[in-house]
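Visitor: Got a file for you: input_16.txt, compact mmCIF, C-alpha atoms.
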# COMPACT_ATOMS: atom_id res chain seq x y z
CA MET A 1 53.85 -169.40 122.18
CA LYS A 2 53.55 -171.88 119.35
CA TYR A 3 52.22 -169.18 117.05
CA LEU A 4 55.62 -167.54 117.13
CA LEU A 5 56.86 -170.34 114.92
CA CYS A 6 53.77 -170.69 112.74
CA ALA A 7 54.46 -169.60 109.16
CA VAL A 8 50.76 -169.65 108.30
CA SER A 9 50.08 -166.64 110.50
CA LEU A 10 53.24 -164.70 109.79
CA PHE A 11 51.54 -162.48 107.23
CA LEU A 12 49.27 -161.25 110.02
CA ILE A 13 51.92 -160.85 112.68
CA VAL A 14 53.61 -157.66 111.71
CA SER A 15 52.50 -154.85 109.49
CA CYS A 16 53.47 -151.95 108.22
CA ILE A 17 54.42 -148.53 107.16
CA THR A 18 52.95 -146.12 104.64
CA GLN A 19 54.96 -144.42 101.96
CA LYS A 20 57.29 -141.72 103.16
CA LYS A 21 55.26 -138.78 101.99
CA GLU A 22 55.26 -135.45 103.71
CA VAL A 23 51.85 -134.92 105.30
CA ALA A 24 50.42 -131.74 106.67
CA SER A 25 50.10 -132.53 110.37
CA VAL A 26 50.58 -130.67 113.57
CA TYR A 27 52.22 -133.40 115.63
CA LYS A 28 54.94 -136.01 115.56
CA ALA A 29 54.08 -139.63 116.37
CA GLY A 30 55.36 -140.49 119.82
CA PHE A 31 55.71 -144.15 120.78
CA LYS A 32 56.05 -145.86 124.13
CA THR A 33 55.32 -149.19 125.76
CA MET A 34 53.79 -149.98 129.13
CA HIS A 35 53.97 -153.31 130.92
CA ALA A 36 51.40 -154.35 133.51
CA VAL A 37 49.98 -157.42 135.24
CA ASP A 38 46.30 -158.23 135.57
CA LYS A 39 45.95 -159.95 138.94
CA SER A 40 42.33 -160.82 138.28
CA ARG A 41 43.43 -163.47 135.74
CA MET A 42 45.86 -166.35 136.04
CA TYR A 43 48.11 -166.83 133.02
CA LYS A 44 50.39 -169.82 133.67
CA PRO A 45 48.59 -172.86 135.13
CA ASN A 46 49.93 -174.82 138.09
CA THR A 47 52.01 -171.96 139.43
CA ASP A 48 51.92 -169.83 142.54
CA THR A 49 52.40 -166.10 142.97
CA THR A 50 56.19 -166.44 143.08
CA ASP A 51 56.17 -167.24 139.35
CA TYR A 52 56.36 -164.02 137.32
CA LEU A 53 53.93 -165.51 134.80
CA HIS A 54 51.35 -166.57 137.38
CA TYR A 55 49.14 -163.55 136.63
CA ARG A 56 48.20 -162.33 133.17
CA PRO A 57 50.95 -160.07 131.72
CA ILE A 58 49.95 -157.25 129.39
CA ASP A 59 52.21 -155.21 127.12
CA VAL A 60 50.53 -152.09 125.82
CA ASP A 61 51.97 -150.17 122.87
CA ILE A 62 50.91 -146.55 122.57
CA TRP A 63 51.26 -144.03 119.75
CA TYR A 64 50.44 -140.46 120.71
CA PRO A 65 50.64 -136.83 119.52
CA ALA A 66 54.07 -135.58 120.47
CA SER A 67 56.69 -132.95 119.94
CA SER A 68 60.25 -133.74 118.98
CA SER A 69 63.45 -131.80 118.57
CA ALA A 70 65.84 -131.75 115.66
CA THR A 71 68.09 -134.15 117.56
CA ASP A 72 65.39 -136.83 117.96
CA SER A 73 65.66 -139.75 115.57
CA ALA A 74 62.76 -141.95 114.47
CA LEU A 75 62.97 -145.64 115.26
CA LEU A 76 64.19 -148.14 112.70
CA PHE A 77 61.87 -150.99 111.82
CA ARG A 78 64.23 -153.37 113.65
CA ASN A 79 63.66 -151.40 116.87
CA ILE A 80 59.94 -152.11 116.71
CA SER A 81 60.02 -155.62 115.25
CA GLY A 82 62.60 -156.60 117.86
CA LEU A 83 59.91 -156.35 120.51
CA PHE A 84 58.56 -159.57 119.03
CA ASP A 85 61.63 -161.55 120.09
CA LYS A 86 61.72 -160.10 123.59
CA ARG A 87 58.04 -160.66 124.27
CA ALA A 88 58.06 -164.18 122.87
CA ASN A 89 60.79 -165.05 125.36
CA TYR A 90 59.00 -163.33 128.22
CA TYR A 91 55.58 -164.88 127.67
CA THR A 92 56.96 -168.41 127.30
CA ALA A 93 59.76 -168.20 129.88
CA SER A 94 62.11 -169.50 127.21
CA THR A 95 64.42 -168.38 124.41
CA ALA A 96 61.91 -169.33 121.69
CA GLY A 97 61.85 -165.76 120.39
CA ASN A 98 65.56 -165.38 119.69
CA GLY A 99 66.08 -164.36 116.07
CA LEU A 100 62.40 -164.46 115.12
CA SER A 101 62.19 -160.88 113.83
CA GLN A 102 65.18 -161.61 111.57
CA GLN A 103 63.51 -164.78 110.28
CA ILE A 104 60.25 -162.96 109.62
CA ALA A 105 62.04 -160.21 107.70
CA GLU A 106 63.74 -162.85 105.55
CA LEU A 107 60.42 -164.58 104.95
CA PHE A 108 58.71 -161.41 103.79
CA CYS A 109 61.53 -160.36 101.47
CA THR A 110 61.56 -163.83 99.91
CA GLY A 111 57.79 -164.05 99.68
CA PHE A 112 57.34 -160.69 97.99
CA LYS A 113 60.52 -161.03 95.93
CA CYS A 114 61.59 -157.55 96.90
CA SER A 115 64.05 -155.82 99.23
CA ASP A 116 66.46 -157.69 101.48
CA THR A 117 66.53 -158.40 105.19
CA ALA A 118 69.06 -155.73 106.19
CA THR A 119 67.36 -153.01 104.14
CA LEU A 120 63.95 -153.90 105.54
CA LEU A 121 65.07 -153.99 109.18
CA ASN A 122 66.95 -150.71 108.80
CA TYR A 123 64.02 -148.87 107.25
CA ARG A 124 63.29 -145.72 109.25
CA THR A 125 59.77 -145.36 110.61
CA HIS A 126 57.94 -142.20 111.71
CA SER A 127 57.73 -143.30 115.38
CA PHE A 128 59.72 -141.32 117.96
CA GLU A 129 60.28 -143.26 121.15
CA ASN A 130 59.43 -141.67 124.51
CA VAL A 131 59.36 -138.09 123.21
CA PRO A 132 57.26 -135.56 125.17
CA ALA A 133 53.51 -135.91 124.73
CA ILE A 134 51.42 -132.89 123.78
CA GLN A 135 49.48 -131.92 126.87
CA HIS A 136 45.99 -131.83 125.48
CA LYS A 137 43.04 -134.23 125.63
CA PHE A 138 42.90 -136.39 122.49
CA PRO A 139 40.39 -139.06 121.39
CA LEU A 140 41.44 -142.65 121.99
CA VAL A 141 41.57 -145.39 119.36
CA ILE A 142 41.75 -148.98 120.65
CA TYR A 143 43.20 -151.36 118.07
CA LEU A 144 42.94 -155.17 118.30
CA SER A 145 45.49 -157.17 116.36
CA ALA A 146 44.95 -159.95 113.86
CA PHE A 147 45.10 -163.66 114.70
CA ASN A 148 48.29 -164.17 116.74
CA GLY A 149 49.41 -160.72 115.63
CA MET A 150 51.58 -158.40 117.67
CA SER A 151 50.42 -154.96 118.71
CA TYR A 152 52.67 -153.06 116.28
CA GLU A 153 51.37 -154.89 113.19
CA ASN A 154 49.72 -151.77 111.72
CA PHE A 155 52.01 -149.12 113.15
CA SER A 156 51.95 -146.86 110.09
CA LEU A 157 48.21 -146.38 110.58
CA PHE A 158 48.91 -145.57 114.23
CA GLU A 159 51.59 -143.07 113.25
CA GLU A 160 49.17 -141.27 110.95
CA LEU A 161 46.48 -141.16 113.61
CA ALA A 162 48.94 -139.80 116.17
CA THR A 163 50.05 -137.00 113.83
CA LYS A 164 46.39 -136.05 113.39
CA GLY A 165 45.61 -135.85 117.09
CA PHE A 166 44.65 -139.33 118.32
CA VAL A 167 46.11 -141.54 121.00
CA VAL A 168 46.26 -145.17 119.83
CA VAL A 169 46.56 -148.16 122.16
CA SER A 170 47.24 -151.42 120.36
CA ILE A 171 46.45 -154.84 121.84
CA SER A 172 48.30 -157.99 120.80
CA SER A 173 46.47 -161.21 119.94
CA ILE A 174 47.69 -163.39 122.79
CA GLY A 175 45.60 -166.25 124.10
CA ARG A 176 45.96 -168.43 127.16
CA PHE A 177 49.35 -169.76 128.22
CA PRO A 178 51.71 -170.20 126.44
CA GLY A 179 50.20 -167.39 124.39
CA ASP A 180 48.63 -169.20 121.47
CA MET A 181 45.55 -167.54 120.06
CA THR A 182 42.94 -170.05 118.93
CA MET A 183 39.41 -169.55 117.62
CA MET A 184 37.96 -170.77 120.90
CA LYS A 185 35.86 -168.33 122.89
CA GLU A 186 38.20 -168.58 125.89
CA ASP A 187 41.15 -167.23 123.91
CA LEU A 188 39.09 -164.52 122.27
CA ALA A 189 38.07 -163.43 125.77
CA GLU A 190 41.73 -163.01 126.75
CA GLN A 191 42.36 -160.46 124.00
CA VAL A 192 39.10 -158.66 124.74
CA ASN A 193 39.92 -158.48 128.44
CA ASP A 194 43.43 -157.22 127.64
CA ALA A 195 41.79 -154.33 125.79
CA ILE A 196 39.47 -153.58 128.70
CA VAL A 197 42.28 -153.70 131.28
CA SER A 198 44.42 -151.44 129.10
CA LEU A 199 41.95 -148.63 129.79
CA ASP A 200 42.73 -148.83 133.49
CA ILE A 201 46.44 -148.81 132.69
CA LEU A 202 45.95 -145.67 130.59
CA LYS A 203 44.09 -143.78 133.32
CA GLN A 204 47.44 -142.39 134.45
CA GLU A 205 47.86 -140.68 131.08
CA SER A 206 46.75 -137.05 131.10
CA ASN A 207 46.44 -136.65 127.31
CA ILE A 208 43.45 -138.95 126.68
CA ASP A 209 39.78 -137.99 126.39
CA PHE A 210 38.05 -141.16 127.59
CA THR A 211 34.66 -139.81 126.50
CA LYS A 212 35.69 -140.20 122.84
CA ILE A 213 36.73 -143.74 121.95
CA GLY A 214 36.91 -145.57 118.64
CA VAL A 215 37.62 -149.30 118.28
CA VAL A 216 39.42 -150.82 115.27
CA GLY A 217 40.23 -154.46 114.53
CA TYR A 218 42.00 -156.28 111.71
CA SER A 219 41.02 -159.81 110.66
CA TRP A 220 40.49 -161.86 113.84
CA GLY A 221 40.91 -158.57 115.68
CA GLY A 222 37.73 -157.35 113.97
CA LEU A 223 35.75 -159.98 115.87
CA ALA A 224 37.58 -159.18 119.11
CA ALA A 225 36.98 -155.47 118.50
CA ALA A 226 33.24 -156.01 118.13
CA VAL A 227 33.04 -157.84 121.45
CA ALA A 228 35.26 -155.25 123.14
CA ALA A 229 33.14 -152.38 121.78
CA SER A 230 30.07 -153.93 123.39
CA LYS A 231 31.78 -153.88 126.80
CA ILE A 232 33.66 -150.56 126.83
CA PRO A 233 31.81 -147.33 127.74
CA ASN A 234 31.85 -144.28 125.45
CA VAL A 235 32.69 -146.12 122.23
CA ALA A 236 31.61 -143.77 119.45
CA CYS A 237 32.41 -145.96 116.42
CA LEU A 238 33.71 -149.34 115.30
CA VAL A 239 35.94 -150.14 112.30
CA SER A 240 36.53 -153.62 110.89
CA LEU A 241 39.46 -154.15 108.53
CA ASP A 242 38.36 -157.34 106.76
CA GLY A 243 37.34 -158.66 110.15
CA SER A 244 36.35 -162.18 111.19
CA GLU A 245 33.01 -161.13 112.64
CA PHE A 246 31.68 -162.12 109.21
CA HIS A 247 32.62 -165.79 109.51
CA HIS A 248 32.83 -167.84 106.30
CA TYR A 249 31.44 -171.31 106.94
CA GLY A 250 32.61 -174.34 105.02
CA GLU A 251 36.37 -173.76 104.96
CA ALA A 252 37.25 -175.78 108.08
CA LYS A 253 34.87 -177.72 110.30
CA GLU A 254 36.87 -177.07 113.48
CA GLU A 255 36.86 -173.33 112.83
CA ASP A 256 33.11 -173.44 112.16
CA ASN A 257 32.57 -175.19 115.49
CA ASP A 258 34.77 -172.67 117.30
CA PHE A 259 32.90 -169.75 115.76
CA ASP A 260 29.60 -171.31 116.77
CA GLY A 261 30.97 -171.49 120.30
CA ILE A 262 31.67 -167.75 120.18
CA LYS A 263 28.36 -166.95 118.50
CA ASN A 264 26.42 -168.90 121.14
CA SER A 265 28.32 -167.41 124.10
CA SER A 266 26.46 -165.03 126.37
CA ASP A 267 28.71 -162.10 125.42
CA PHE A 268 27.95 -162.51 121.73
CA LYS A 269 24.27 -163.43 122.07
CA ASN A 270 23.66 -160.35 124.23
CA MET A 271 25.66 -158.06 121.95
CA HIS A 272 23.82 -155.04 120.61
CA LEU A 273 25.92 -152.29 119.05
CA ALA A 274 24.41 -148.85 118.65
CA MET A 275 27.52 -147.06 117.36
CA PRO A 276 28.32 -146.32 113.67
CA TYR A 277 30.16 -149.19 112.00
CA LEU A 278 32.54 -149.21 109.03
CA ARG A 279 33.70 -152.41 107.39
CA LEU A 280 36.32 -152.50 104.63
CA GLU A 281 36.50 -155.86 102.84
CA SER A 282 38.92 -157.60 100.57
CA SER A 283 37.87 -158.28 97.01
CA PRO A 284 39.99 -161.12 95.62
CA SER A 285 40.09 -161.43 91.86
CA ASP A 286 39.61 -165.23 92.02
CA SER A 287 36.06 -165.62 90.72
CA ASN A 288 36.24 -169.41 91.13
CA HIS A 289 36.39 -169.19 94.92
CA LYS A 290 33.59 -171.25 96.45
CA LYS A 291 30.83 -169.12 97.96
CA ASP A 292 30.19 -170.36 101.47
CA THR A 293 27.54 -169.39 103.97
CA ILE A 294 28.61 -166.20 105.74
CA TYR A 295 27.43 -165.16 109.18
CA ASN A 296 25.67 -161.80 108.85
CA PHE A 297 27.13 -159.68 111.61
CA LEU A 298 25.00 -156.70 110.60
CA GLU A 299 22.12 -158.20 112.61
CA LYS A 300 24.01 -157.08 115.73
CA LEU A 301 23.96 -153.43 114.64
CA SER A 302 21.23 -150.85 115.08
CA ALA A 303 23.06 -147.68 114.04
CA ASN A 304 24.34 -146.55 110.67
CA ASN A 305 26.62 -149.14 109.07
CA GLN A 306 28.67 -148.91 105.90
CA VAL A 307 30.41 -151.79 104.14
CA PHE A 308 32.81 -151.25 101.22
CA LYS A 309 34.89 -153.59 99.11
CA ILE A 310 38.39 -152.43 98.23
CA ASP A 311 39.03 -153.23 94.57
CA SER A 312 41.32 -156.24 94.04
CA ALA A 313 42.50 -156.08 97.65
CA GLN A 314 43.82 -159.23 99.28
CA HIS A 315 43.47 -159.87 103.00
CA GLU A 316 47.11 -158.95 103.63
CA ASP A 317 46.57 -155.50 102.10
CA PHE A 318 44.74 -154.44 105.27
CA GLY A 319 48.03 -154.60 107.06
CA CYS A 320 50.98 -153.37 105.13
CA MET A 321 54.02 -155.49 105.63
CA SER A 322 53.86 -156.10 101.90
CA LEU A 323 53.90 -152.34 101.37
CA LEU A 324 56.88 -151.87 103.67
CA VAL A 325 58.84 -154.53 101.79
CA ARG A 326 58.02 -152.88 98.45
CA ILE A 327 58.92 -149.40 99.66
CA SER A 328 62.20 -150.47 101.24
CA GLY A 329 63.10 -152.36 98.07
CA ASN A 330 61.88 -149.64 95.67
CA CYS A 331 59.37 -152.01 94.09
CA LYS A 332 56.02 -151.08 92.58
CA ASP A 333 53.21 -150.45 95.10
CA ASN A 334 49.50 -151.07 94.46
CA ASN A 335 48.36 -148.26 96.83
CA ARG A 336 45.54 -150.38 98.29
CA PHE A 337 46.72 -149.91 101.85
CA ASN A 338 46.86 -146.16 101.38
CA THR A 339 43.20 -146.21 100.30
CA ILE A 340 42.27 -148.34 103.31
CA SER A 341 44.18 -146.07 105.67
CA LYS A 342 42.70 -142.88 104.22
CA ILE A 343 39.12 -144.10 104.59
CA THR A 344 39.71 -145.46 108.10
CA VAL A 345 41.28 -142.25 109.37
CA ALA A 346 38.52 -140.11 107.85
CA PHE A 347 35.83 -142.26 109.48
CA LEU A 348 37.49 -141.95 112.90
CA GLU A 349 37.86 -138.21 112.44
CA ALA A 350 34.18 -137.92 111.52
CA HIS A 351 32.95 -139.70 114.63
CA LEU A 352 35.56 -138.68 117.19
CA LYS A 353 36.32 -135.15 115.98
CA ASN A 354 33.09 -134.21 114.17
CA THR A 355 34.81 -133.51 110.86
CA ASN A 356 33.01 -133.90 107.52
CA GLY A 357 35.75 -135.28 105.27
CA PHE A 358 34.64 -138.92 105.31
CA SER A 359 31.66 -138.48 102.98
CA GLN A 360 33.76 -136.54 100.51
CA ILE A 361 36.49 -139.20 100.44
CA VAL A 362 33.88 -141.92 99.89
CA ARG A 363 32.41 -139.97 96.96
CA GLU A 364 35.86 -139.48 95.45
CA GLU A 365 36.81 -143.16 95.78
CA MET A 366 33.45 -144.73 94.93
CA ASN A 367 33.59 -146.96 91.85
CA LYS A 368 37.27 -146.08 91.43
CA THR A 369 38.98 -147.89 94.31
CA ILE A 370 35.98 -148.93 96.41
CA HIS A 371 32.48 -150.30 95.83
CA LYS A 372 29.47 -150.25 98.12
CA LYS A 373 28.47 -153.72 99.20
How does this structure look as structure tokens?
Guide:
Amino acid sequence: MKYLLCAVSLFLIVSCITQKKEVASVYKAGFKTMHAVDKSRMYKPNTDTTDYLHYRPIDVDIWYPASSSATDSALLFRNISGLFDKRANYYTASTAGNGLSQQIAELFCTGFKCSDTATLLNYRTHSFENVPAIQHKFPLVIYLSAFNGMSYENFSLFEELATKGFVVVSISSIGRFPGDMTMMKEDLAEQVNDAIVSLDILKQESNIDFTKIGVVGYSWGGLAAAVAASKIPNVACLVSLDGSEFHHYGEAKEEDNDFDGIKNSSDFKNMHLAMPYLRLESSPSDSNHKKDTIYNFLEKLSANNQVFKIDSAQHEDFGCMSLLVRISGNCKDNNRFNTISKITVAFLEAHLKNTNGFSQIVREEMNKTIHKK
């Protein structure tokens, strides 16, 4: 996977963990992985069935409401980020992934001028691996990762959702062999189909209510999430975290052409979404940024939609690797991710659990940390 070595996308590869505050929740956040093969799709060209990469491999990461004992210990960040190295090697049949999580940690610490590699990798998360699941039916949240992002990129959000009674399945952004995600419709389809197939994989789980499903996507994953939501039954709501379904024209001709290819595909042209939609957008302070033509995704929606700008938020604030670096290094935090997380969770609770806290949170935050667009 060439993207494994691409510094441009590293800020979207891994994210993040919220501040270590005690929250009133009933459950612990369990974490487990499941590996499967989709025999309806070929992954590695010019191979036969004796090649382990002949069919499409899928790694599914799941956060779930769980119980844990006093002897259980939460995973360190290195335990989760290390999956990156292993999967890079597996998907490319090479050793290209060796040491990548260490390199990424170094990059982040240098870029944010905070923390150090060892401190960051040894930071303790709130994810408890393979602990017993609570035997109750919980709503399902399907998360689609950012461009070339791995499925644990927003794990702190997943931890919070699990503690509040959601099962979260997170889908990596992996395109056609050797895994590169591009903006071409064929690679987008691979991530979307991975999300759809993951539902069949999860059918063996007894703690999921498949009649209550929410779909969330970050950046490129916002576009993939929209397409996936149009194909998956029982989707009750859709959340875009600064998603690419609102394409900005004029920044790169090749990307514009690729988006047009997606926009003109049958899946996109026939898309009609009747579920509530929440979009949280970045609001860069650079007023000199050129205003380009933006595709208006709202024309695909018929139900209630709400779009908010997060004050002074940059695109990377919608994942929180920057937050994790600052927390581990005891540096000042801007709290933007916490606002994004709070609003997202409340929206999912409103539409998957029939709670009424979302409107109150919006009123409290309006014109303070968020603005209606």
Visitor: Would you work out the distance separating CA of Tyr27 in chain A from CA of Leu144 in chain A, expressed in Å to one decimal?
Guide: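 A separation of 23.8 Å between them.
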Visitor: In Å, with one decimal, what is the gap from CA of Phe347 in chain A to CA of Ser173 in chain A?
Guide: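 Interatomic distance, CA of Phe347 in chain A to CA of Ser173 in chain A: 24.1 Å.
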Visitor: For the point (59.4, -135.1, 117.2) in file coordinates, what residues are within 8 Å, counting all atoms listed in the file? Give the answer as a PyMOL selection string?
Guide: chain A and resi 27-30+66-70+72-73+128+131
Visitor: So, with only C-alpha atoms as the atoms that count, which of A:Asn148, A:Asn367, A:Ser328, A:Ser172 lies closest to Thr117 in chain A?
Guide: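 Ranking A:Asn148, A:Asn367, A:Ser328, A:Ser172 by distance to Thr117 in chain A, first place goes to A:Ser328.
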Visitor: Env of Pro57 in chain A: 12 Å cut, atoms = only C-alpha atoms, seq-sep filter 5 positions within chain, self excluded. Answer as a count of residues only.
Guide: 30
Visitor: Output as JSON lines one row per residue of range 210-292 of chain A within 8 Å of range 184-187 of chain A: the closest atom pair and its distance in Å to one decimal place, counting all atoms listed in the file, sorted by chain and residue number ascending.
Guide:
{"residue": "A:Asp258", "atom": "CA", "partner": "A:Met184", "partner_atom": "CA", "distance": 5.2}
{"residue": "A:Phe259", "atom": "CA", "partner": "A:Met184", "partner_atom": "CA", "distance": 7.3}
{"residue": "A:Gly261", "atom": "CA", "partner": "A:Lys185", "partner_atom": "CA", "distance": 6.4}
{"residue": "A:Ile262", "atom": "CA", "partner": "A:Lys185", "partner_atom": "CA", "distance": 5.0}
{"residue": "A:Ser265", "atom": "CA", "partner": "A:Lys185", "partner_atom": "CA", "distance": 7.7}
Visitor: Within 10 Å of range 319-323 of chain A, which residues of range 131-204 of chain A show up? Give each one with its shortest atom-to-atom distance in Å (one decimal) and the two atoms involved, counting only C-alpha atoms, rows by chain then rising residue number, as a tab-separated table.
Guide:
residue	atom	partner	partner_atom	distance
A:Ser145	CA	A:Gly319	CA	10.0
A:Ala146	CA	A:Gly319	CA	9.2
A:Glu153	CA	A:Gly319	CA	7.0
A:Asn154	CA	A:Gly319	CA	5.7
A:Phe155	CA	A:Gly319	CA	9.1
A:Ser156	CA	A:Cys320	CA	8.2
A:Leu157	CA	A:Gly319	CA	8.9
Visitor: Which residue out of A:Glu129, A:Asp292, A:Asn356, A:Lys300 has the minimum interatomic distance to Ala74 in chain A when all atoms listed in the file are used?
Guide: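 Closest candidate: A:Glu129.
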Visitor: Write out as an mmCIF file with C-alpha atoms, keeping the file's coordinate frame which residues come within 12 Å of Ile62 in chain A when counting only C-alpha atoms, dropping same-chain ones fewer than 4 positions away.
Guide:
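Full text of result_15.cif as output:
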data_model
loop_
_atom_site.group_PDB
_atom_site.id
_atom_site.type_symbol
_atom_site.label_atom_id
_atom_site.label_comp_id
_atom_site.auth_asym_id
_atom_site.auth_seq_id
_atom_site.Cartn_x
_atom_site.Cartn_y
_atom_site.Cartn_z
ATOM 1 C CA ALA A 29 54.080 -139.630 116.370
ATOM 2 C CA GLY A 30 55.360 -140.490 119.820
ATOM 3 C CA PHE A 31 55.710 -144.150 120.780
ATOM 4 C CA LYS A 32 56.050 -145.860 124.130
ATOM 5 C CA THR A 33 55.320 -149.190 125.760
ATOM 6 C CA MET A 34 53.790 -149.980 129.130
ATOM 7 C CA HIS A 35 53.970 -153.310 130.920
ATOM 8 C CA ALA A 66 54.070 -135.580 120.470
ATOM 9 C CA SER A 127 57.730 -143.300 115.380
ATOM 10 C CA PHE A 128 59.720 -141.320 117.960
ATOM 11 C CA GLU A 129 60.280 -143.260 121.150
ATOM 12 C CA ASN A 130 59.430 -141.670 124.510
ATOM 13 C CA VAL A 131 59.360 -138.090 123.210
ATOM 14 C CA ALA A 133 53.510 -135.910 124.730
ATOM 15 C CA LEU A 140 41.440 -142.650 121.990
ATOM 16 C CA VAL A 141 41.570 -145.390 119.360
ATOM 17 C CA ILE A 142 41.750 -148.980 120.650
ATOM 18 C CA TYR A 143 43.200 -151.360 118.070
ATOM 19 C CA SER A 151 50.420 -154.960 118.710
ATOM 20 C CA TYR A 152 52.670 -153.060 116.280
ATOM 21 C CA PHE A 155 52.010 -149.120 113.150
ATOM 22 C CA PHE A 158 48.910 -145.570 114.230
ATOM 23 C CA GLU A 159 51.590 -143.070 113.250
ATOM 24 C CA LEU A 161 46.480 -141.160 113.610
ATOM 25 C CA ALA A 162 48.940 -139.800 116.170
ATOM 26 C CA PHE A 166 44.650 -139.330 118.320
ATOM 27 C CA VAL A 167 46.110 -141.540 121.000
ATOM 28 C CA VAL A 168 46.260 -145.170 119.830
ATOM 29 C CA VAL A 169 46.560 -148.160 122.160
ATOM 30 C CA SER A 170 47.240 -151.420 120.360
ATOM 31 C CA ILE A 171 46.450 -154.840 121.840
ATOM 32 C CA SER A 172 48.300 -157.990 120.800
ATOM 33 C CA SER A 198 44.420 -151.440 129.100
ATOM 34 C CA LEU A 199 41.950 -148.630 129.790
ATOM 35 C CA ILE A 201 46.440 -148.810 132.690
ATOM 36 C CA LEU A 202 45.950 -145.670 130.590
ATOM 37 C CA GLU A 205 47.860 -140.680 131.080
ATOM 38 C CA ASN A 207 46.440 -136.650 127.310
ATOM 39 C CA ILE A 208 43.450 -138.950 126.680
#
Visitor: Go through A:Leu121, A:Ala93, A:Ala195, A:Met183 and flag the residue nearest Ala252 in chain A, using all atoms listed in the file for the distances.
Guide: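 For Ala252 in chain A, the nearest of the given residues is A:Met183.
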Visitor: Please return, as a ChimeraX atom specification, all polymer residues that have at least one atom within 8 Å of the point (60.7, -162.6, 113.0); use all atoms listed in the file and the file's own coordinate frame.
Guide: /A:81-82,84-85,99-105
Visitor: Quick one, how far is CA of Val235 in chain A from CA of Asp260 in chain A?
Guide: 26.0 Å
Visitor: Leaving out Lys212 in chain A and any residue of its chain fewer than 2 positions from it, which residues lie within 9 Å of it when counting all atoms listed in the file, given as a list of chain:residue names?
Guide: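 Residues near the query, excluding close chain neighbours: A:Phe138, A:Pro139, A:Leu140, A:Val141, A:Ile208, A:Asp209, A:Phe210, A:Gly214, A:Asn234, A:Val235, A:Ala236, A:His351, A:Leu352, A:Lys353.
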Visitor: Write out, as an mmCIF file, keeping the file's coordinate frame, the residues just selected, with C-alpha atoms.
Guide:
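Once everything was written out, this is part-v4.cif:
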data_model
loop_
_atom_site.group_PDB
_atom_site.id
_atom_site.type_symbol
_atom_site.label_atom_id
_atom_site.label_comp_id
_atom_site.auth_asym_id
_atom_site.auth_seq_id
_atom_site.Cartn_x
_atom_site.Cartn_y
_atom_site.Cartn_z
ATOM 1 C CA PHE A 138 42.900 -136.390 122.490
ATOM 2 C CA PRO A 139 40.390 -139.060 121.390
ATOM 3 C CA LEU A 140 41.440 -142.650 121.990
ATOM 4 C CA VAL A 141 41.570 -145.390 119.360
ATOM 5 C CA ILE A 208 43.450 -138.950 126.680
ATOM 6 C CA ASP A 209 39.780 -137.990 126.390
ATOM 7 C CA PHE A 210 38.050 -141.160 127.590
ATOM 8 C CA GLY A 214 36.910 -145.570 118.640
ATOM 9 C CA ASN A 234 31.850 -144.280 125.450
ATOM 10 C CA VAL A 235 32.690 -146.120 122.230
ATOM 11 C CA ALA A 236 31.610 -143.770 119.450
ATOM 12 C CA HIS A 351 32.950 -139.700 114.630
ATOM 13 C CA LEU A 352 35.560 -138.680 117.190
ATOM 14 C CA LYS A 353 36.320 -135.150 115.980
#
Visitor: Counting all atoms listed in the file, figure out which residue out of A:Thr49, A:Ser115, A:Thr344, A:Gln204 gets nearest to Val307 in chain A.
Guide: A:Thr344
Visitor: Range 201-217 of chain A, all listed atoms, 8 Å padding on each side: what axis-aligned box centre and edge lengths in Å to one decimal come out, as lines of an AutoDock Vina configuration file?
Guide:
center_x = 41.3
center_y = -145.6
center_z = 124.5
size_x = 29.2
size_y = 33.8
size_z = 35.9
Visitor: Could you pull the residues within 10 Å of range 240-249 of chain A, counting all atoms listed in the file, minus those fewer than 2 positions along the same chain, as a ChimeraX atom specification?
Guide: /A:144,146-147,215-227,238,251-253,255-257,259-260,263,277-283,291-298,307-310,314-319,340-341,344
Visitor: Of the candidates A:Thr211, A:Thr119, A:Asn89, A:Ser302, which shows the shortest atom-to-atom distance to Leu76 in chain A, using all atoms listed in the file?
Guide: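 For Leu76 in chain A, the nearest of the given residues is A:Thr119.
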